[in-house]
>>> print(open('coords32.cif').read())   # mmCIF, C-alpha atoms
data_model
loop_
_atom_site.label_atom_id
_atom_site.label_comp_id
_atom_site.auth_asym_id
_atom_site.auth_seq_id
_atom_site.Cartn_x
_atom_site.Cartn_y
_atom_site.Cartn_z
CA MET P 987 0.00 0.00 0.00
CA GLN P 988 1.33 3.46 -0.92
CA LEU P 989 2.14 5.84 1.94
CA GLU P 990 -0.73 8.19 1.10
CA ASP P 991 -3.28 5.38 1.03
CA PHE P 992 -1.84 3.77 4.15
CA ILE P 993 -1.96 6.87 6.35
CA GLN P 994 -5.50 7.73 5.32
CA ASP P 995 -6.69 4.15 5.73
CA VAL P 996 -5.23 3.96 9.23
CA ALA P 997 -6.71 7.34 10.19
CA ARG P 998 -10.14 6.21 8.98
CA GLY P 999 -9.87 2.95 10.92
CA ALA P 1000 -9.02 4.85 14.11
CA GLY P 1001 -11.84 7.26 13.36
CA GLU P 1002 -14.30 4.38 13.17
CA ILE P 1003 -13.28 3.30 16.68
CA ILE P 1004 -13.82 6.83 17.94
CA ARG P 1005 -17.14 7.35 16.17
CA GLU P 1006 -18.56 4.02 17.35
CA LYS P 1007 -18.10 5.00 21.00
CA TYR P 1008 -19.13 8.65 20.64
CA GLN P 1009 -21.90 9.62 23.06
CA LYS P 1010 -21.67 6.16 24.64
CA LEU P 1011 -18.75 6.88 26.96
CA ASP P 1012 -19.46 6.45 30.66
CA THR P 1013 -16.11 7.11 32.32
CA TRP P 1014 -12.73 8.73 31.77
CA GLN P 1015 -9.77 9.54 33.97
CA ALA P 1016 -7.44 12.46 34.53
CA LYS P 1017 -3.82 12.28 33.49
CA GLY P 1018 -0.78 14.55 33.63
CA SER P 1019 -1.68 18.21 33.91
CA ARG P 1020 -4.95 19.64 35.20
CA GLY P 1021 -7.78 19.34 32.67
CA ASP P 1022 -6.03 16.62 30.66
CA VAL P 1023 -8.07 13.43 30.36
CA VAL P 1024 -7.78 10.01 28.74
CA THR P 1025 -10.46 7.49 27.83
CA GLU P 1026 -10.51 3.86 26.78
CA VAL P 1027 -11.22 5.19 23.28
CA ASP P 1028 -7.87 7.03 23.20
CA VAL P 1029 -6.17 3.77 24.15
CA ALA P 1030 -8.09 1.62 21.67
CA SER P 1031 -7.49 4.07 18.83
CA GLU P 1032 -3.79 4.28 19.64
CA GLU P 1033 -3.38 0.51 19.84
CA TYR P 1034 -5.01 0.17 16.44
CA VAL P 1035 -2.78 2.83 14.82
CA ILE P 1036 0.43 1.49 16.34
CA GLY P 1037 -0.44 -2.06 15.37
CA ARG P 1038 -1.01 -1.04 11.75
CA ILE P 1039 2.25 0.93 11.61
CA LYS P 1040 4.34 -1.83 13.15
CA ALA P 1041 2.93 -4.33 10.66
CA GLU P 1042 3.59 -2.13 7.62
CA PHE P 1043 6.72 -0.18 8.70
CA PRO P 1044 8.42 -2.31 11.37
CA SER P 1045 11.71 -0.39 11.31
CA ASP P 1046 10.14 3.04 11.88
CA GLY P 1047 10.04 4.75 15.24
CA ILE P 1048 6.81 5.84 16.91
CA VAL P 1049 5.98 8.74 19.23
CA SER P 1050 2.42 8.62 20.52
CA GLU P 1051 0.48 10.56 23.12
CA GLU P 1052 -0.48 7.71 25.42
CA THR P 1053 2.50 5.32 25.14
CA GLY P 1054 5.35 7.73 24.42
CA ALA P 1055 8.37 6.90 22.25
CA GLN P 1056 9.35 3.47 20.99
CA GLY P 1057 11.65 2.01 18.36
CA ASN P 1058 14.34 3.73 16.33
CA LEU P 1059 13.89 7.51 16.49
CA ASP P 1060 16.86 8.33 14.26
CA GLY P 1061 15.09 7.63 10.96
CA ALA P 1062 11.43 7.85 9.97
CA VAL P 1063 9.19 8.46 12.99
CA TRP P 1064 5.41 8.29 13.21
CA VAL P 1065 3.91 10.95 15.49
CA ILE P 1066 0.39 10.03 16.63
CA ASP P 1067 -2.47 11.63 18.49
CA PRO P 1068 -5.13 8.91 18.53
CA LEU P 1069 -7.84 11.32 19.71
CA ASP P 1070 -7.03 15.02 19.69
CA GLY P 1071 -9.71 16.89 21.61
CA THR P 1072 -10.48 14.25 24.21
CA LYS P 1073 -12.14 16.75 26.55
CA ASN P 1074 -14.53 17.75 23.77
CA TYR P 1075 -15.17 14.06 23.13
CA THR P 1076 -16.07 13.37 26.76
CA MET P 1077 -18.41 16.37 26.79
CA GLN P 1078 -20.08 15.26 23.51
CA ILE P 1079 -18.81 18.31 21.63
CA PRO P 1080 -18.28 17.13 18.04
CA MET P 1081 -14.85 18.70 17.48
CA PHE P 1082 -12.01 16.19 17.70
CA ALA P 1083 -9.82 14.24 15.30
CA VAL P 1084 -7.24 11.54 14.70
CA SER P 1085 -3.84 13.01 13.83
CA ILE P 1086 -1.07 10.92 12.24
CA GLY P 1087 2.18 12.41 10.97
CA ARG P 1088 5.39 10.87 9.63
CA ALA P 1089 8.61 12.80 10.13
CA GLU P 1090 12.37 12.63 9.69
CA GLY P 1091 14.84 14.78 11.58
CA GLY P 1092 12.01 16.49 13.43
CA VAL P 1093 10.38 17.64 10.17
CA PRO P 1094 7.05 16.10 9.07
CA ASN P 1095 6.83 14.94 5.46
CA ALA P 1096 3.33 13.45 5.43
CA GLY P 1097 0.26 13.64 7.60
CA ALA P 1098 -3.46 13.04 7.93
CA ILE P 1099 -6.05 14.63 10.19
CA TYR P 1100 -9.36 12.80 10.18
CA ASP P 1101 -12.54 14.25 11.67
CA PRO P 1102 -14.77 11.16 12.04
CA ILE P 1103 -17.96 13.01 12.92
CA HIS P 1104 -17.93 15.19 9.79
CA ASP P 1105 -16.11 12.55 7.72
CA GLU P 1106 -13.38 14.97 6.62
CA MET P 1107 -9.93 13.63 5.74
CA PHE P 1108 -7.23 16.28 5.51
CA TYR P 1109 -4.02 14.96 3.98
CA ALA P 1110 -0.70 16.26 2.67
CA GLN P 1111 2.59 14.83 1.54
CA ARG P 1112 5.68 16.99 1.09
CA GLY P 1113 5.73 18.45 -2.42
CA CYS P 1114 2.30 17.11 -3.38
CA GLY P 1115 -0.11 19.73 -2.06
CA ALA P 1116 -2.86 19.43 0.56
CA ARG P 1117 -6.38 18.05 0.18
CA VAL P 1118 -9.58 17.42 2.07
CA ASN P 1119 -11.52 14.38 0.88
CA GLY P 1120 -9.46 14.48 -2.31
CA ARG P 1121 -10.15 18.16 -3.07
CA ALA P 1122 -7.20 20.58 -3.18
CA ILE P 1123 -7.17 23.19 -0.40
CA ARG P 1124 -5.39 26.50 0.20
CA VAL P 1125 -5.06 28.85 3.13
CA ALA P 1126 -7.17 32.02 3.18
CA GLU P 1127 -6.03 34.97 1.05
CA GLU P 1128 -6.66 37.89 3.43
CA LYS P 1129 -3.78 40.38 3.59
CA THR P 1130 -4.28 41.79 7.12
CA VAL P 1131 -5.82 40.61 10.38
CA ASP P 1132 -8.69 43.11 10.11
CA ASP P 1133 -11.94 41.18 10.70
CA CYS P 1134 -10.12 37.85 10.44
CA LEU P 1135 -11.13 34.74 12.36
CA ILE P 1136 -8.26 34.07 14.78
CA ASN P 1137 -7.78 31.14 17.15
CA VAL P 1138 -5.76 32.12 20.22
CA SER P 1139 -5.22 29.37 22.74
CA TRP P 1140 -2.87 28.18 25.45
CA SER P 1141 -2.28 25.06 27.47
CA PRO P 1142 -2.10 24.64 31.26
CA GLY P 1143 1.34 25.74 32.43
CA SER P 1144 1.94 28.17 29.55
CA ASP P 1145 2.04 31.93 30.10
CA CYS P 1146 -1.63 32.77 29.66
CA ALA P 1147 -0.94 36.45 30.47
CA ASN P 1148 0.88 36.84 27.16
CA PHE P 1149 -2.02 35.32 25.25
CA ILE P 1150 -4.50 37.61 26.95
CA LYS P 1151 -2.23 40.47 25.88
CA TYR P 1152 -2.25 39.19 22.28
CA MET P 1153 -6.03 38.97 22.32
CA GLU P 1154 -6.33 42.48 23.74
CA TYR P 1155 -4.18 43.84 20.92
CA LEU P 1156 -6.04 41.89 18.26
CA SER P 1157 -9.42 42.96 19.66
CA HIS P 1158 -8.81 46.42 18.17
CA ARG P 1159 -8.63 44.80 14.72
CA THR P 1160 -11.11 41.93 14.92
CA ALA P 1161 -13.85 40.59 17.19
CA TYR P 1162 -13.73 37.11 15.71
CA PHE P 1163 -11.92 34.85 18.17
CA ARG P 1164 -12.33 31.10 18.43
CA ARG P 1165 -10.94 28.41 20.74
CA PHE P 1166 -11.96 24.95 19.56
CA GLY P 1167 -10.20 22.56 21.95
CA SER P 1168 -8.47 20.49 19.26
CA ALA P 1169 -5.18 21.68 17.79
CA ALA P 1170 -5.48 19.20 14.94
CA VAL P 1171 -8.90 20.50 13.89
CA VAL P 1172 -7.73 24.11 14.13
CA MET P 1173 -4.68 23.41 11.96
CA ALA P 1174 -6.82 21.61 9.39
CA TYR P 1175 -9.14 24.62 9.31
CA ILE P 1176 -6.20 26.99 8.80
CA ALA P 1177 -5.10 24.86 5.84
CA CYS P 1178 -8.49 25.02 4.11
CA GLY P 1179 -9.18 28.70 4.85
CA ARG P 1180 -11.90 28.34 7.48
CA LEU P 1181 -9.67 30.12 9.99
CA HIS P 1182 -7.20 32.89 9.22
CA GLY P 1183 -4.68 32.60 12.04
CA TYR P 1184 -3.73 30.44 15.00
CA MET P 1185 -1.43 31.05 17.97
CA GLN P 1186 -0.83 28.54 20.74
CA ALA P 1187 1.88 27.52 23.18
CA GLY P 1188 2.36 24.33 25.16
CA LEU P 1189 1.62 21.87 22.36
CA HIS P 1190 3.24 18.44 22.07
CA PRO P 1191 4.70 16.94 18.88
CA TRP P 1192 1.65 14.70 18.35
CA ASP P 1193 -0.65 17.74 18.46
CA ALA P 1194 1.14 19.42 15.56
CA ALA P 1195 2.95 16.85 13.37
CA ALA P 1196 0.27 16.24 10.75
CA GLY P 1197 -1.00 19.81 10.83
CA ILE P 1198 2.40 21.31 10.04
CA VAL P 1199 2.84 19.58 6.69
CA ILE P 1200 -0.83 20.05 5.76
CA ILE P 1201 -0.62 23.82 6.40
CA GLN P 1202 2.68 24.19 4.56
CA GLU P 1203 1.42 22.26 1.55
CA ALA P 1204 -1.68 24.46 1.55
CA GLY P 1205 0.52 27.55 1.20
CA GLY P 1206 0.59 28.59 4.86
CA MET P 1207 3.41 29.71 7.14
CA ILE P 1208 3.96 27.98 10.46
CA THR P 1209 6.75 28.81 12.90
CA ASP P 1210 7.44 29.01 16.61
CA PHE P 1211 7.08 32.30 18.48
CA HIS P 1212 10.60 33.31 17.44
CA GLY P 1213 9.87 32.81 13.76
CA LYS P 1214 11.92 29.62 13.57
CA PRO P 1215 10.87 26.29 11.99
CA ILE P 1216 9.18 23.87 14.37
CA ASP P 1217 11.25 20.87 15.43
CA LEU P 1218 9.07 17.93 16.46
CA ARG P 1219 11.90 16.59 18.59
CA ASN P 1220 11.05 19.31 21.11
CA SER P 1221 8.53 18.34 23.76
CA ASN P 1222 7.02 21.81 24.21
CA ILE P 1223 5.95 23.54 21.01
CA GLY P 1224 4.51 26.97 20.35
CA ILE P 1225 3.05 27.75 16.95
CA VAL P 1226 2.07 30.81 14.97
CA THR P 1227 0.39 30.00 11.66
CA ALA P 1228 -1.54 31.77 8.92
CA ASN P 1229 -1.00 32.70 5.31
CA PRO P 1230 2.36 34.47 4.77
CA ASP P 1231 0.91 38.00 4.98
CA ILE P 1232 -1.07 37.49 8.18
CA HIS P 1233 1.74 35.42 9.72
CA ALA P 1234 4.16 38.31 9.17
CA GLU P 1235 1.70 40.73 10.73
CA LEU P 1236 1.12 38.49 13.76
CA MET P 1237 4.86 38.11 14.29
CA LYS P 1238 5.62 41.85 13.94
CA GLU P 1239 2.57 43.64 15.27
CA VAL P 1240 1.18 41.21 17.86
CA ILE P 1241 4.09 39.22 19.25
CA GLY P 1242 6.61 42.00 18.59
#
>>> encode(input="coords32.cif", output="structure tokens")
Amino acid sequence: MQLEDFIQDVARGAGEIIREKYQKLDTWQAKGSRGDVVTEVDVASEEYVIGRIKAEFPSDGIVSEETGAQGNLDGAVWVIDPLDGTKNYTMQIPMFAVSIGRAEGGVPNAGAIYDPIHDEMFYAQRGCGARVNGRAIRVAEEKTVDDCLINVSWSPGSDCANFIKYMEYLSHRTAYFRRFGSAAVVMAYIACGRLHGYMQAGLHPWDAAAGIVIIQEAGGMITDFHGKPIDLRNSNIGIVTANPDIHAELMKEVIG
């Protein structure tokens, strides 16, 4: 099976597990930081994805949200979030996704984000463009942040005061803020032009791996808060992403 077909097939299979249990979940448990939860669906989805990868690409390394790192991390590495937006899932808010990226040297070269509730498959491979359900997608074309739809978010432990400052500055230019609770969904929406900009700190590699390559292949810019490329080998990731014009404005006028 070709890489493109494999990643999308695995993402759909994991999505089926998630969709089958949606609105039928009775319990979940806290993990790690405050507000972070895990369910048996996260675990089942992850086991499915890892099993498929090990069978098809046994020499590749894997970094996944629930089980961590395994295998050889010096070559090709799969970076997996089996259910991004678990809190939404537990609260029956239909905004969550499976995120599967494949990277080398900390740089993703292929990735899929699958929203099983809306049956939307976002996919990109380096040099081949980005698509949703087979249709080519591009980032929005707006030139400034005026009246743009901006997602500003932060994770527990990050400096929320800075993000409140960013929102205060942006509020003089736009009233359209969103915070969806799934980094993967937000990044997919940036790639297809449904959102214009996204700023968040405190992400993990599995939150961002697939989204990075999808946004880049859709013509978007994505960097850290210093304007540098994102390295998935870092455990704590901040991202600023938009089309090139809005990204430049966010970096200069908002972050400063």
>>> axis_aligned_box(input="coords32.cif", around="segment 1227-1233 of chain P", padding_each_side="8 Å", output="JSON")
{"center_x": 0.4, "center_y": 34.0, "center_z": 8.2, "size_x": 19.9, "size_y": 24.0, "size_z": 22.9}
>>> closest_atom_pairs(input="coords32.cif", of="segment 1177-1217 of chain P", to="segment 1223-1240 of chain P", cutoff="8 Å", atoms="only C-alpha atoms", output="Markdown table")
| residue | atom | partner | partner_atom | distance |
| --- | --- | --- | --- | --- |
| P:His1182 | CA | P:Ala1228 | CA | 5.8 |
| P:Gly1183 | CA | P:Ala1228 | CA | 4.5 |
| P:Tyr1184 | CA | P:Thr1227 | CA | 5.3 |
| P:Met1185 | CA | P:Val1226 | CA | 4.6 |
| P:Gln1186 | CA | P:Ile1225 | CA | 5.5 |
| P:Ala1187 | CA | P:Gly1224 | CA | 3.9 |
| P:Gly1188 | CA | P:Ile1223 | CA | 5.5 |
| P:Leu1189 | CA | P:Ile1223 | CA | 4.8 |
| P:His1190 | CA | P:Ile1223 | CA | 5.9 |
| P:Pro1191 | CA | P:Ile1223 | CA | 7.0 |
| P:Gly1205 | CA | P:Asn1229 | CA | 6.8 |
| P:Gly1206 | CA | P:Asn1229 | CA | 4.4 |
| P:Met1207 | CA | P:Pro1230 | CA | 5.4 |
| P:Ile1208 | CA | P:Thr1227 | CA | 4.3 |
| P:Thr1209 | CA | P:Val1226 | CA | 5.5 |
| P:Asp1210 | CA | P:Ile1225 | CA | 4.6 |
| P:Phe1211 | CA | P:Gly1224 | CA | 6.2 |
| P:Gly1213 | CA | P:Met1237 | CA | 7.3 |
| P:Ile1216 | CA | P:Ile1223 | CA | 7.4 |
>>> resolve_selection(input="coords32.cif", expression="the PyMOL selection byres ((chain P and resi 1090) around 9)", output="JSON, numbers by chain")
{"P": [1059, 1060, 1061, 1062, 1063, 1064, 1088, 1089, 1091, 1092, 1093, 1094, 1095]}
>>> residues_around(input="coords32.cif", residues="Glu1002 of chain P", least_positions_apart="6", cutoff="12 Å", atoms="all atoms listed in the file", output="MDAnalysis selection string")
chainID P and resid 995:996 1008 1027 1030:1031 1034:1035 1068:1069 1083:1084 1100:1105
>>> residues_around(input="coords32.cif", residues="Glu1154 of chain P", least_positions_apart="5", cutoff="12 Å", atoms="all atoms listed in the file", output="list in words")
Val1138, Ala1147, Asn1148, Phe1149, Arg1159, Thr1160, Ala1161, Phe1163, Val1240 and Ile1241 of chain P
>>> resolve_selection(input="coords32.cif", expression="the PyMOL selection byres ((chain P and resi 1172) around 12)", output="PyMOL selection string")
chain P and resi 1070-1071+1081-1083+1085+1099+1101+1108+1135-1139+1164-1171+1173-1186+1193-1194+1196-1198+1200-1201+1225-1228
>>> closest_residue(input="coords32.cif", among="P:Ser1157, P:Tyr1075, P:Ala1110, P:Lys1214", to="Asp1133 of chain P", atoms="all atoms listed in the file")
P:Ser1157
>>> residues_near_point(input="coords32.cif", point="(13.9, 1.7, 19.3)", cutoff="10 Å", atoms="all atoms listed in the file", output="VMD selection string")
chain P and resid 1045 to 1048 1055 to 1060
>>> closest_residue(input="coords32.cif", among="P:Val1199, P:Asn1222, P:Glu1006, P:Gly1113", to="Pro1142 of chain P", atoms="only C-alpha atoms")
P:Asn1222
>>> resolve_selection(input="coords32.cif", expression="the PyMOL selection byres ((chain P and resi 1114) around 12)", output="PyMOL selection string")
chain P and resi 990+1095-1097+1109-1113+1115-1117+1122-1123+1199-1200+1202-1205
>>> write_last_selection(input="coords32.cif", atoms="C-alpha atoms", output="PDB file, in the frame of the given file")
ATOM      1  CA  GLU P 990      -0.730   8.190   1.100  1.00  0.00           C
ATOM      2  CA  ASN P1095       6.830  14.940   5.460  1.00  0.00           C
ATOM      3  CA  ALA P1096       3.330  13.450   5.430  1.00  0.00           C
ATOM      4  CA  GLY P1097       0.260  13.640   7.600  1.00  0.00           C
ATOM      5  CA  TYR P1109      -4.020  14.960   3.980  1.00  0.00           C
ATOM      6  CA  ALA P1110      -0.700  16.260   2.670  1.00  0.00           C
ATOM      7  CA  GLN P1111       2.590  14.830   1.540  1.00  0.00           C
ATOM      8  CA  ARG P1112       5.680  16.990   1.090  1.00  0.00           C
ATOM      9  CA  GLY P1113       5.730  18.450  -2.420  1.00  0.00           C
ATOM     10  CA  GLY P1115      -0.110  19.730  -2.060  1.00  0.00           C
ATOM     11  CA  ALA P1116      -2.860  19.430   0.560  1.00  0.00           C
ATOM     12  CA  ARG P1117      -6.380  18.050   0.180  1.00  0.00           C
ATOM     13  CA  ALA P1122      -7.200  20.580  -3.180  1.00  0.00           C
ATOM     14  CA  ILE P1123      -7.170  23.190  -0.400  1.00  0.00           C
ATOM     15  CA  VAL P1199       2.840  19.580   6.690  1.00  0.00           C
ATOM     16  CA  ILE P1200      -0.830  20.050   5.760  1.00  0.00           C
ATOM     17  CA  GLN P1202       2.680  24.190   4.560  1.00  0.00           C
ATOM     18  CA  GLU P1203       1.420  22.260   1.550  1.00  0.00           C
ATOM     19  CA  ALA P1204      -1.680  24.460   1.550  1.00  0.00           C
ATOM     20  CA  GLY P1205       0.520  27.550   1.200  1.00  0.00           C
TER      21      GLY P1205
END
>>> residues_around(input="coords32.cif", residues="Met987 of chain P", least_positions_apart="4", cutoff="9 Å", atoms="all atoms listed in the file", output="list in words")
Asp991, Phe992 and Glu1042 of chain P
>>> atom_distance(input="coords32.cif", atom1="atom CA of Gly1242 of chain P", atom2="atom CA of Glu1127 of chain P")
22.7 Å
>>> closest_residue(input="coords32.cif", among="P:Gln994, P:Val1131, P:Glu1051, P:Val1125", to="Tyr1162 of chain P", atoms="only C-alpha atoms")
P:Val1131
>>> build_atoms(input="coords32.cif", residues="segment 1198-1219 of chain P", atoms="N, CA, C and O atoms", output="PDB file, keeping the file's coordinate frame")
ATOM      1  N   ILE P1198       1.322  20.501  10.604  1.00  0.00           N
ATOM      2  CA  ILE P1198       2.400  21.310  10.040  1.00  0.00           C
ATOM      3  C   ILE P1198       2.521  21.094   8.538  1.00  0.00           C
ATOM      4  O   ILE P1198       2.519  22.050   7.752  1.00  0.00           O
ATOM      5  N   VAL P1199       2.647  19.845   8.122  1.00  0.00           N
ATOM      6  CA  VAL P1199       2.840  19.580   6.690  1.00  0.00           C
ATOM      7  C   VAL P1199       1.580  19.907   5.897  1.00  0.00           C
ATOM      8  O   VAL P1199       1.661  20.388   4.750  1.00  0.00           O
ATOM      9  N   ILE P1200       0.407  19.713   6.464  1.00  0.00           N
ATOM     10  CA  ILE P1200      -0.830  20.050   5.760  1.00  0.00           C
ATOM     11  C   ILE P1200      -0.909  21.559   5.526  1.00  0.00           C
ATOM     12  O   ILE P1200      -1.243  22.018   4.422  1.00  0.00           O
ATOM     13  N   ILE P1201      -0.602  22.360   6.541  1.00  0.00           N
ATOM     14  CA  ILE P1201      -0.620  23.820   6.400  1.00  0.00           C
ATOM     15  C   ILE P1201       0.422  24.278   5.382  1.00  0.00           C
ATOM     16  O   ILE P1201       0.139  25.108   4.497  1.00  0.00           O
ATOM     17  N   GLN P1202       1.623  23.766   5.489  1.00  0.00           N
ATOM     18  CA  GLN P1202       2.680  24.190   4.560  1.00  0.00           C
ATOM     19  C   GLN P1202       2.330  23.844   3.124  1.00  0.00           C
ATOM     20  O   GLN P1202       2.534  24.648   2.213  1.00  0.00           O
ATOM     21  N   GLU P1203       1.786  22.658   2.914  1.00  0.00           N
ATOM     22  CA  GLU P1203       1.420  22.260   1.550  1.00  0.00           C
ATOM     23  C   GLU P1203       0.194  23.005   1.040  1.00  0.00           C
ATOM     24  O   GLU P1203      -0.052  23.042  -0.169  1.00  0.00           O
ATOM     25  N   ALA P1204      -0.551  23.632   1.947  1.00  0.00           N
ATOM     26  CA  ALA P1204      -1.680  24.460   1.550  1.00  0.00           C
ATOM     27  C   ALA P1204      -1.276  25.921   1.355  1.00  0.00           C
ATOM     28  O   ALA P1204      -2.129  26.785   1.135  1.00  0.00           O
ATOM     29  N   GLY P1205       0.018  26.208   1.434  1.00  0.00           N
ATOM     30  CA  GLY P1205       0.520  27.550   1.200  1.00  0.00           C
ATOM     31  C   GLY P1205       0.655  28.406   2.440  1.00  0.00           C
ATOM     32  O   GLY P1205       0.897  29.621   2.337  1.00  0.00           O
ATOM     33  N   GLY P1206       0.511  27.825   3.631  1.00  0.00           N
ATOM     34  CA  GLY P1206       0.590  28.590   4.860  1.00  0.00           C
ATOM     35  C   GLY P1206       1.991  28.651   5.441  1.00  0.00           C
ATOM     36  O   GLY P1206       2.875  27.878   5.071  1.00  0.00           O
ATOM     37  N   MET P1207       2.177  29.583   6.354  1.00  0.00           N
ATOM     38  CA  MET P1207       3.410  29.710   7.140  1.00  0.00           C
ATOM     39  C   MET P1207       3.129  29.175   8.533  1.00  0.00           C
ATOM     40  O   MET P1207       2.070  29.443   9.102  1.00  0.00           O
ATOM     41  N   ILE P1208       4.083  28.432   9.076  1.00  0.00           N
ATOM     42  CA  ILE P1208       3.960  27.980  10.460  1.00  0.00           C
ATOM     43  C   ILE P1208       5.342  27.969  11.081  1.00  0.00           C
ATOM     44  O   ILE P1208       6.279  27.371  10.552  1.00  0.00           O
ATOM     45  N   THR P1209       5.473  28.700  12.198  1.00  0.00           N
ATOM     46  CA  THR P1209       6.750  28.810  12.900  1.00  0.00           C
ATOM     47  C   THR P1209       6.497  28.767  14.404  1.00  0.00           C
ATOM     48  O   THR P1209       5.346  28.755  14.851  1.00  0.00           O
ATOM     49  N   ASP P1210       7.593  28.808  15.173  1.00  0.00           N
ATOM     50  CA  ASP P1210       7.440  29.010  16.610  1.00  0.00           C
ATOM     51  C   ASP P1210       7.311  30.512  16.871  1.00  0.00           C
ATOM     52  O   ASP P1210       7.238  31.322  15.947  1.00  0.00           O
ATOM     53  N   PHE P1211       7.293  30.900  18.132  1.00  0.00           N
ATOM     54  CA  PHE P1211       7.080  32.300  18.480  1.00  0.00           C
ATOM     55  C   PHE P1211       8.296  33.171  18.230  1.00  0.00           C
ATOM     56  O   PHE P1211       8.235  34.393  18.386  1.00  0.00           O
ATOM     57  N   HIS P1212       9.401  32.565  17.827  1.00  0.00           N
ATOM     58  CA  HIS P1212      10.600  33.310  17.440  1.00  0.00           C
ATOM     59  C   HIS P1212      10.773  33.332  15.930  1.00  0.00           C
ATOM     60  O   HIS P1212      11.802  33.794  15.425  1.00  0.00           O
ATOM     61  N   GLY P1213       9.798  32.820  15.210  1.00  0.00           N
ATOM     62  CA  GLY P1213       9.870  32.810  13.760  1.00  0.00           C
ATOM     63  C   GLY P1213      10.712  31.690  13.196  1.00  0.00           C
ATOM     64  O   GLY P1213      11.005  31.679  11.997  1.00  0.00           O
ATOM     65  N   LYS P1214      11.072  30.714  14.026  1.00  0.00           N
ATOM     66  CA  LYS P1214      11.920  29.620  13.570  1.00  0.00           C
ATOM     67  C   LYS P1214      11.071  28.391  13.209  1.00  0.00           C
ATOM     68  O   LYS P1214       9.957  28.226  13.715  1.00  0.00           O
ATOM     69  N   PRO P1215      11.605  27.521  12.333  1.00  0.00           N
ATOM     70  CA  PRO P1215      10.870  26.290  11.990  1.00  0.00           C
ATOM     71  C   PRO P1215      10.621  25.442  13.235  1.00  0.00           C
ATOM     72  O   PRO P1215      11.418  25.432  14.182  1.00  0.00           O
ATOM     73  N   ILE P1216       9.530  24.713  13.228  1.00  0.00           N
ATOM     74  CA  ILE P1216       9.180  23.870  14.370  1.00  0.00           C
ATOM     75  C   ILE P1216       9.900  22.536  14.260  1.00  0.00           C
ATOM     76  O   ILE P1216       9.899  21.895  13.213  1.00  0.00           O
ATOM     77  N   ASP P1217      10.527  22.139  15.343  1.00  0.00           N
ATOM     78  CA  ASP P1217      11.250  20.870  15.430  1.00  0.00           C
ATOM     79  C   ASP P1217      10.427  19.928  16.302  1.00  0.00           C
ATOM     80  O   ASP P1217      10.265  20.167  17.506  1.00  0.00           O
ATOM     81  N   LEU P1218       9.919  18.866  15.720  1.00  0.00           N
ATOM     82  CA  LEU P1218       9.070  17.930  16.460  1.00  0.00           C
ATOM     83  C   LEU P1218       9.819  17.150  17.517  1.00  0.00           C
ATOM     84  O   LEU P1218       9.202  16.446  18.319  1.00  0.00           O
ATOM     85  N   ARG P1219      11.140  17.254  17.540  1.00  0.00           N
ATOM     86  CA  ARG P1219      11.900  16.590  18.590  1.00  0.00           C
ATOM     87  C   ARG P1219      11.837  17.348  19.906  1.00  0.00           C
ATOM     88  O   ARG P1219      12.259  16.835  20.945  1.00  0.00           O
TER      89      ARG P1219
END
